[in-house]
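Source file: coords14.tsv; contents: TSV, C-alpha atoms and all ligand atoms.
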chain	number	residue	atom	x	y	z
A	1	MET	CA	-20.37	-20.20	26.99
A	2	THR	CA	-18.97	-19.26	30.40
A	3	GLU	CA	-15.85	-20.89	31.82
A	4	ALA	CA	-18.00	-22.49	34.54
A	5	GLN	CA	-20.17	-24.13	31.84
A	6	ALA	CA	-17.08	-25.27	29.93
A	7	ARG	CA	-15.71	-26.88	33.10
A	8	GLU	CA	-18.99	-28.72	33.72
A	9	ASP	CA	-19.25	-29.84	30.08
A	10	LEU	CA	-15.66	-31.11	29.98
A	11	CYS	CA	-16.25	-33.25	33.09
A	12	ARG	CA	-19.63	-34.48	31.86
A	13	PHE	CA	-18.31	-35.53	28.44
A	14	GLY	CA	-15.23	-37.09	30.06
A	15	ALA	CA	-17.40	-39.20	32.37
A	16	SER	CA	-19.58	-40.27	29.44
A	17	LEU	CA	-16.59	-41.33	27.32
A	18	PHE	CA	-15.04	-43.20	30.27
A	19	ALA	CA	-18.31	-44.97	31.15
A	20	ARG	CA	-18.56	-46.31	27.60
A	21	GLY	CA	-14.97	-47.58	27.51
A	22	TYR	CA	-13.51	-44.95	25.19
A	23	SER	CA	-10.68	-44.47	27.69
A	24	VAL	CA	-9.36	-46.62	30.52
A	25	GLY	CA	-7.30	-45.77	33.59
A	26	SER	CA	-5.77	-42.33	33.22
A	27	ALA	CA	-5.61	-42.55	29.41
A	28	GLY	CA	-7.13	-39.86	27.26
A	29	ASN	CA	-7.23	-36.11	27.65
A	30	ILE	CA	-9.42	-33.20	26.59
A	31	CYS	CA	-8.73	-29.52	25.93
A	32	VAL	CA	-11.23	-26.68	25.46
A	33	ARG	CA	-10.36	-23.24	24.09
A	34	LEU	CA	-11.62	-20.35	26.25
A	35	ALA	CA	-11.74	-16.60	25.56
A	36	ASP	CA	-8.72	-16.16	27.85
A	37	GLY	CA	-6.79	-19.41	27.44
A	38	TYR	CA	-7.46	-23.13	27.67
A	39	LEU	CA	-8.95	-25.73	30.01
A	40	MET	CA	-7.10	-29.06	30.09
A	41	THR	CA	-7.51	-32.36	31.88
A	42	PRO	CA	-4.85	-32.72	34.63
A	43	THR	CA	-1.97	-35.18	34.47
A	44	ASN	CA	-2.75	-38.69	35.74
A	45	SER	CA	-6.47	-37.89	35.96
A	46	SER	CA	-9.18	-40.31	34.87
A	47	LEU	CA	-11.78	-39.01	32.43
A	48	GLY	CA	-14.28	-40.85	34.63
A	49	SER	CA	-13.76	-38.73	37.75
A	50	LEU	CA	-12.77	-35.21	36.72
A	51	ASP	CA	-13.42	-32.35	39.17
A	52	PRO	CA	-14.54	-29.09	37.48
A	53	GLY	CA	-12.70	-27.05	40.12
A	54	ARG	CA	-9.36	-28.85	39.62
A	55	LEU	CA	-9.06	-28.76	35.81
A	56	SER	CA	-5.81	-27.19	34.57
A	57	LYS	CA	-6.19	-23.61	33.35
A	58	LEU	CA	-3.63	-22.45	30.81
A	59	ALA	CA	-2.92	-18.92	29.57
A	60	PRO	CA	-3.09	-18.04	25.84
A	61	ASP	CA	0.67	-18.81	25.69
A	62	TRP	CA	-0.09	-22.28	27.16
A	63	SER	CA	1.63	-21.59	30.49
A	64	HIS	CA	-0.07	-23.19	33.51
A	65	THR	CA	-1.94	-20.59	35.56
A	66	SER	CA	-4.24	-22.49	37.95
A	67	GLY	CA	-5.69	-25.86	38.89
A	68	ASP	CA	-3.82	-29.16	38.84
A	69	LYS	CA	-0.77	-29.69	36.61
A	70	PRO	CA	-1.89	-30.32	32.98
A	71	SER	CA	-1.62	-33.64	31.15
A	72	LYS	CA	1.85	-34.38	29.81
A	73	GLU	CA	0.18	-34.72	26.39
A	74	VAL	CA	-0.79	-31.01	26.41
A	75	PHE	CA	1.43	-30.43	23.37
A	76	LEU	CA	-0.90	-32.60	21.24
A	77	HIS	CA	-3.71	-30.18	21.95
A	78	ARG	CA	-1.48	-27.14	21.41
A	79	ALA	CA	-0.39	-28.56	18.05
A	80	VAL	CA	-3.97	-29.07	16.84
A	81	LEU	CA	-5.51	-25.88	18.25
A	82	THR	CA	-2.66	-23.80	16.83
A	83	ALA	CA	-3.05	-25.44	13.41
A	84	ARG	CA	-6.84	-25.08	13.43
A	85	PRO	CA	-7.88	-21.61	14.65
A	86	THR	CA	-11.59	-22.42	14.20
A	87	ALA	CA	-11.40	-25.51	16.43
A	88	GLY	CA	-12.73	-25.00	19.95
A	89	ALA	CA	-11.78	-28.33	21.50
A	90	VAL	CA	-9.61	-31.43	21.09
A	91	VAL	CA	-10.27	-34.93	22.38
A	92	HIS	CA	-7.46	-37.51	22.57
A	93	LEU	CA	-8.47	-41.09	23.34
A	94	HIS	CA	-7.02	-44.58	23.27
A	95	SER	CA	-10.35	-46.00	22.06
A	96	THR	CA	-9.91	-49.63	21.02
A	97	HIS	CA	-10.91	-49.77	17.35
A	98	ALA	CA	-9.38	-46.45	16.30
A	99	THR	CA	-6.18	-47.53	18.07
A	100	ALA	CA	-6.31	-50.86	16.23
A	101	ILE	CA	-6.39	-48.96	12.94
A	102	ALA	CA	-3.49	-46.83	14.27
A	103	CYS	CA	-1.53	-50.09	14.62
A	104	LEU	CA	-2.47	-51.37	11.13
A	105	ALA	CA	-2.06	-48.17	9.12
A	106	GLN	CA	1.21	-47.03	7.64
A	107	PRO	CA	2.68	-43.81	9.11
A	108	GLY	CA	2.09	-41.08	6.55
A	109	GLU	CA	-1.08	-42.74	5.26
A	110	TRP	CA	-3.83	-40.18	4.61
A	111	ALA	CA	-7.10	-42.16	4.77
A	112	PRO	CA	-6.70	-45.47	6.65
A	113	ILE	CA	-10.49	-45.79	7.13
A	114	PRO	CA	-12.64	-45.90	3.97
A	115	PRO	CA	-15.71	-43.63	3.72
A	116	LEU	CA	-18.18	-46.38	4.62
A	117	THR	CA	-20.88	-44.18	6.15
A	118	PRO	CA	-21.95	-40.57	5.61
A	119	TYR	CA	-21.69	-39.84	9.34
A	120	PHE	CA	-17.99	-40.55	9.39
A	121	VAL	CA	-17.48	-38.25	6.40
A	122	MET	CA	-19.67	-35.51	7.94
A	123	ARG	CA	-17.92	-35.60	11.32
A	124	VAL	CA	-14.32	-36.44	10.43
A	125	GLY	CA	-14.00	-35.48	6.76
A	126	ARG	CA	-12.01	-37.06	3.98
A	127	GLY	CA	-8.58	-37.26	5.57
A	128	LEU	CA	-7.31	-39.00	8.70
A	129	PRO	CA	-3.51	-38.65	8.58
A	130	VAL	CA	-1.37	-41.17	10.46
A	131	VAL	CA	1.46	-39.50	12.42
A	132	PRO	CA	4.56	-41.69	12.91
A	133	TYR	CA	5.12	-43.30	16.30
A	134	TRP	CA	6.65	-41.28	19.12
A	135	ARG	CA	6.97	-42.30	22.75
A	136	PRO	CA	3.96	-40.90	24.73
A	137	GLY	CA	4.82	-37.56	26.27
A	138	ASP	CA	7.66	-36.92	23.77
A	139	ALA	CA	7.12	-33.31	22.70
A	140	GLY	CA	9.19	-34.07	19.59
A	141	MET	CA	5.94	-35.21	17.94
A	142	GLU	CA	4.39	-31.72	18.16
A	143	PRO	CA	5.58	-30.48	14.72
A	144	ALA	CA	4.34	-33.68	13.03
A	145	VAL	CA	0.96	-33.41	14.75
A	146	HIS	CA	0.73	-29.73	13.82
A	147	ALA	CA	1.51	-30.48	10.16
A	148	ALA	CA	-1.10	-33.27	10.03
A	149	ALA	CA	-3.75	-31.09	11.71
A	150	LEU	CA	-3.33	-28.33	9.11
A	151	GLY	CA	-5.14	-30.55	6.61
A	152	ALA	CA	-7.51	-32.66	8.72
A	153	LYS	CA	-9.92	-32.39	11.65
A	154	ALA	CA	-8.72	-35.69	13.11
A	155	LEU	CA	-5.54	-37.77	13.01
A	156	LEU	CA	-4.17	-41.02	14.32
A	157	LEU	CA	-0.95	-41.34	16.31
A	158	ALA	CA	0.64	-44.58	15.10
A	159	ASN	CA	0.37	-47.37	17.70
A	160	HIS	CA	-1.17	-44.89	20.16
A	161	GLY	CA	-4.64	-43.50	19.37
A	162	PRO	CA	-6.84	-40.81	17.83
A	163	VAL	CA	-6.66	-37.01	18.25
A	164	VAL	CA	-9.90	-35.32	17.17
A	165	SER	CA	-10.87	-31.64	16.95
A	166	GLY	CA	-14.23	-29.91	16.64
A	167	ALA	CA	-15.70	-26.42	16.55
A	168	THR	CA	-17.08	-27.10	20.05
A	169	LEU	CA	-16.39	-29.72	22.70
A	170	ALA	CA	-19.61	-31.52	21.72
A	171	ASP	CA	-18.50	-31.55	18.07
A	172	ALA	CA	-15.09	-32.97	18.99
A	173	VAL	CA	-16.63	-35.68	21.20
A	174	TYR	CA	-19.20	-36.66	18.56
A	175	ALA	CA	-16.46	-36.84	15.93
A	176	ALA	CA	-14.31	-39.02	18.21
A	177	GLU	CA	-17.31	-41.32	18.73
A	178	GLU	CA	-18.00	-41.47	14.99
A	179	LEU	CA	-14.34	-42.20	14.31
A	180	GLU	CA	-14.39	-45.08	16.78
A	181	GLU	CA	-17.53	-46.54	15.15
A	182	ALA	CA	-16.08	-46.12	11.65
A	183	ALA	CA	-12.89	-47.88	12.78
A	184	ARG	CA	-14.98	-50.74	14.19
A	185	LEU	CA	-16.90	-51.05	10.91
A	186	ALA	CA	-13.68	-50.94	8.89
A	187	LEU	CA	-12.28	-53.82	10.97
A	188	LEU	CA	-15.54	-55.83	10.79
A	189	LEU	CA	-15.59	-55.46	7.01
A	190	ARG	CA	-11.87	-55.75	6.45
A	191	ASP	CA	-11.96	-59.01	4.48
A	192	LEU	CA	-15.40	-58.52	2.91
A	193	PRO	CA	-16.31	-56.75	-0.36
A	194	ALA	CA	-17.82	-53.75	1.43
A	195	ARG	CA	-19.17	-50.87	-0.65
A	196	SER	CA	-17.63	-47.50	0.24
A	197	LEU	CA	-19.20	-44.16	-0.64
A	198	THR	CA	-18.07	-42.91	-4.02
A	199	SER	CA	-15.86	-39.87	-4.39
A	200	ALA	CA	-18.89	-37.94	-5.72
A	201	GLN	CA	-20.96	-38.96	-2.68
A	202	VAL	CA	-18.17	-37.82	-0.37
A	203	ASP	CA	-17.89	-34.51	-2.27
A	204	ASP	CA	-21.65	-34.01	-1.96
A	205	LEU	CA	-21.52	-34.50	1.84
A	206	LEU	CA	-18.51	-32.25	2.28
A	207	SER	CA	-20.12	-29.49	0.21
A	208	THR	CA	-22.71	-29.23	3.00
A	209	PHE	CA	-20.96	-30.53	6.11
A	210	GLY	CA	-17.27	-30.07	5.36
B	301	ZN	ZN	-2.29	-40.84	24.61
Once more with this new file: its structure as C-alpha cells, please.
Amino acid sequence: MTEAQAREDLCRFGASLFARGYSVGSAGNICVRLADGYLMTPTNSSLGSLDPGRLSKLAPDWSHTSGDKPSKEVFLHRAVLTARPTAGAVVHLHSTHATAIACLAQPGEWAPIPPLTPYFVMRVGRGLPVVPYWRPGDAGMEPAVHAAALGAKALLLANHGPVVSGATLADAVYAAEELEEAARLALLLRDLPARSLTSAQVDDLLSTFG
C-alpha cells in the first residue's frame, strides 16, 4: 500500500467511525505503520473531518517530520506498535460500551468481557487487559500500555477507553467495532444467565484465527 492510499484509508475509516458515534468531538486517534515511519491523526482533530494532506507524519524514531502536530496520545500507539511488531495500525476510541466496561473492570483484570460470540474471539482474542487509570496525555502510562500489549491485541485504559491493534488498519478498525459490540452485549446480558463459549470453543477459534 502506498502512503497516499494509507492517508486516504485513515481518513475514510476515521469518518466512518465518527459518523457511527464511535468517537465524539476530538476524541479518538489512529496510527498506521508505514515503510518509512508512521501516520498519525493530528492533535485536536476530529475523526469526522480528517484531511489526508494534513495528517502527522512521524519518522521511525517517532519524531514529527511533517503535517500537523500529532495527537498528544501518540505514546499509546508507540507503546502498542513497539510491543507488537506484526501490527500495522492502532485505533484508540472512547466508544461508549467499551468505555463503560473500562469503568466497571478492575485495573489488572485480564478478560473483563466474556467470550460471548466467536467474532469477538476471532478479532480480539482471549485477553483484554485493563491498564490502570492515568490522566489523558500522561506519558507515564506508556510502560503499562506496552506491557499489556505484549500479550494482547487490544486493551482497555481504565475509565478512558479501548486501544486496539490489527495487522492492517482495516483489521484494527474491525476489531475495535467488534470490541464495542461485545462490550454492548456483555452489558445487556450482565444480570442474565448468558452462555459464554467454552474454553475448548475459544481454543478451536484461536487455532485458526488467533
Ligand atoms: Zn483517549
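Using all atoms listed in the file, the smallest distance between any of A:Val131, A:Val91, A:Ala158, A:Leu185 and Ala144 (chain A) comes from A:Val131.
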For this session: Check which residues fall inside 7 Å of ligand ZN 301 (chain B) when counting all atoms listed in the file, and print them as number ranges by chain.
Result: A: 27-28, 73, 92-94, 136, 160-161
Exercise. Contacts of Ala6 (chain A) at 10 Å or less, counting all atoms listed in the file, minus same-chain residues fewer than 3 places along, as a PyMOL selection string?
Worked result: chain A and resi 1-3+9-12+32-34+39+52+169
Please give the centre and size of the box around region 192-203 of chain A (axis-aligned, containing every atom listed in the file, 4 Å added per side), with values in Å to one decimal and written as lines of an AutoDock Vina configuration file.
center_x = -18.2
center_y = -46.5
center_z = -1.4
size_x = 13.6
size_y = 32.0
size_z = 16.6
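CA of Gly67 (chain A) to CA of Gly53 (chain A) spans 7.2 Å [interatomic distance, one decimal].
When only C-alpha atoms are used to measure the gap to Glu178 (chain A), the shortest distance among A:Ala200, A:Met141, A:Leu157, A:Val121 belongs to A:Val121.
Comparing A:Ala102, A:Ala4, A:Val173, A:Ile113 by their smallest distance to Arg54 (chain A), the closest is A:Ala4 (using only C-alpha atoms).
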For this session: Give me the residues within 9 Å of region 19-26 of chain A as a PyMOL selection string, counting all atoms listed in the file and dropping any in the same chain fewer than 6 places off.
Result: chain A and resi 43-48+93-96+177+180
Problem set entry | Spatial neighbours of Gly151 (chain A), 12 Å, all atoms listed in the file, chain gap at least 2 places, as a PyMOL selection string | chain A and resi 80+83-84+110-111+124-130+144-149+153-155+165
Save out the residues we just selected, C-alpha atoms, as a PDB file, keeping the file's coordinate frame.
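Full text of result.pdb as output:
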ATOM      1  CA  VAL A  80      -3.970 -29.070  16.840  1.00  0.00           C
ATOM      2  CA  ALA A  83      -3.050 -25.440  13.410  1.00  0.00           C
ATOM      3  CA  ARG A  84      -6.840 -25.080  13.430  1.00  0.00           C
ATOM      4  CA  TRP A 110      -3.830 -40.180   4.610  1.00  0.00           C
ATOM      5  CA  ALA A 111      -7.100 -42.160   4.770  1.00  0.00           C
ATOM      6  CA  VAL A 124     -14.320 -36.440  10.430  1.00  0.00           C
ATOM      7  CA  GLY A 125     -14.000 -35.480   6.760  1.00  0.00           C
ATOM      8  CA  ARG A 126     -12.010 -37.060   3.980  1.00  0.00           C
ATOM      9  CA  GLY A 127      -8.580 -37.260   5.570  1.00  0.00           C
ATOM     10  CA  LEU A 128      -7.310 -39.000   8.700  1.00  0.00           C
ATOM     11  CA  PRO A 129      -3.510 -38.650   8.580  1.00  0.00           C
ATOM     12  CA  VAL A 130      -1.370 -41.170  10.460  1.00  0.00           C
ATOM     13  CA  ALA A 144       4.340 -33.680  13.030  1.00  0.00           C
ATOM     14  CA  VAL A 145       0.960 -33.410  14.750  1.00  0.00           C
ATOM     15  CA  HIS A 146       0.730 -29.730  13.820  1.00  0.00           C
ATOM     16  CA  ALA A 147       1.510 -30.480  10.160  1.00  0.00           C
ATOM     17  CA  ALA A 148      -1.100 -33.270  10.030  1.00  0.00           C
ATOM     18  CA  ALA A 149      -3.750 -31.090  11.710  1.00  0.00           C
ATOM     19  CA  LYS A 153      -9.920 -32.390  11.650  1.00  0.00           C
ATOM     20  CA  ALA A 154      -8.720 -35.690  13.110  1.00  0.00           C
ATOM     21  CA  LEU A 155      -5.540 -37.770  13.010  1.00  0.00           C
ATOM     22  CA  SER A 165     -10.870 -31.640  16.950  1.00  0.00           C
TER      23      SER A 165
END
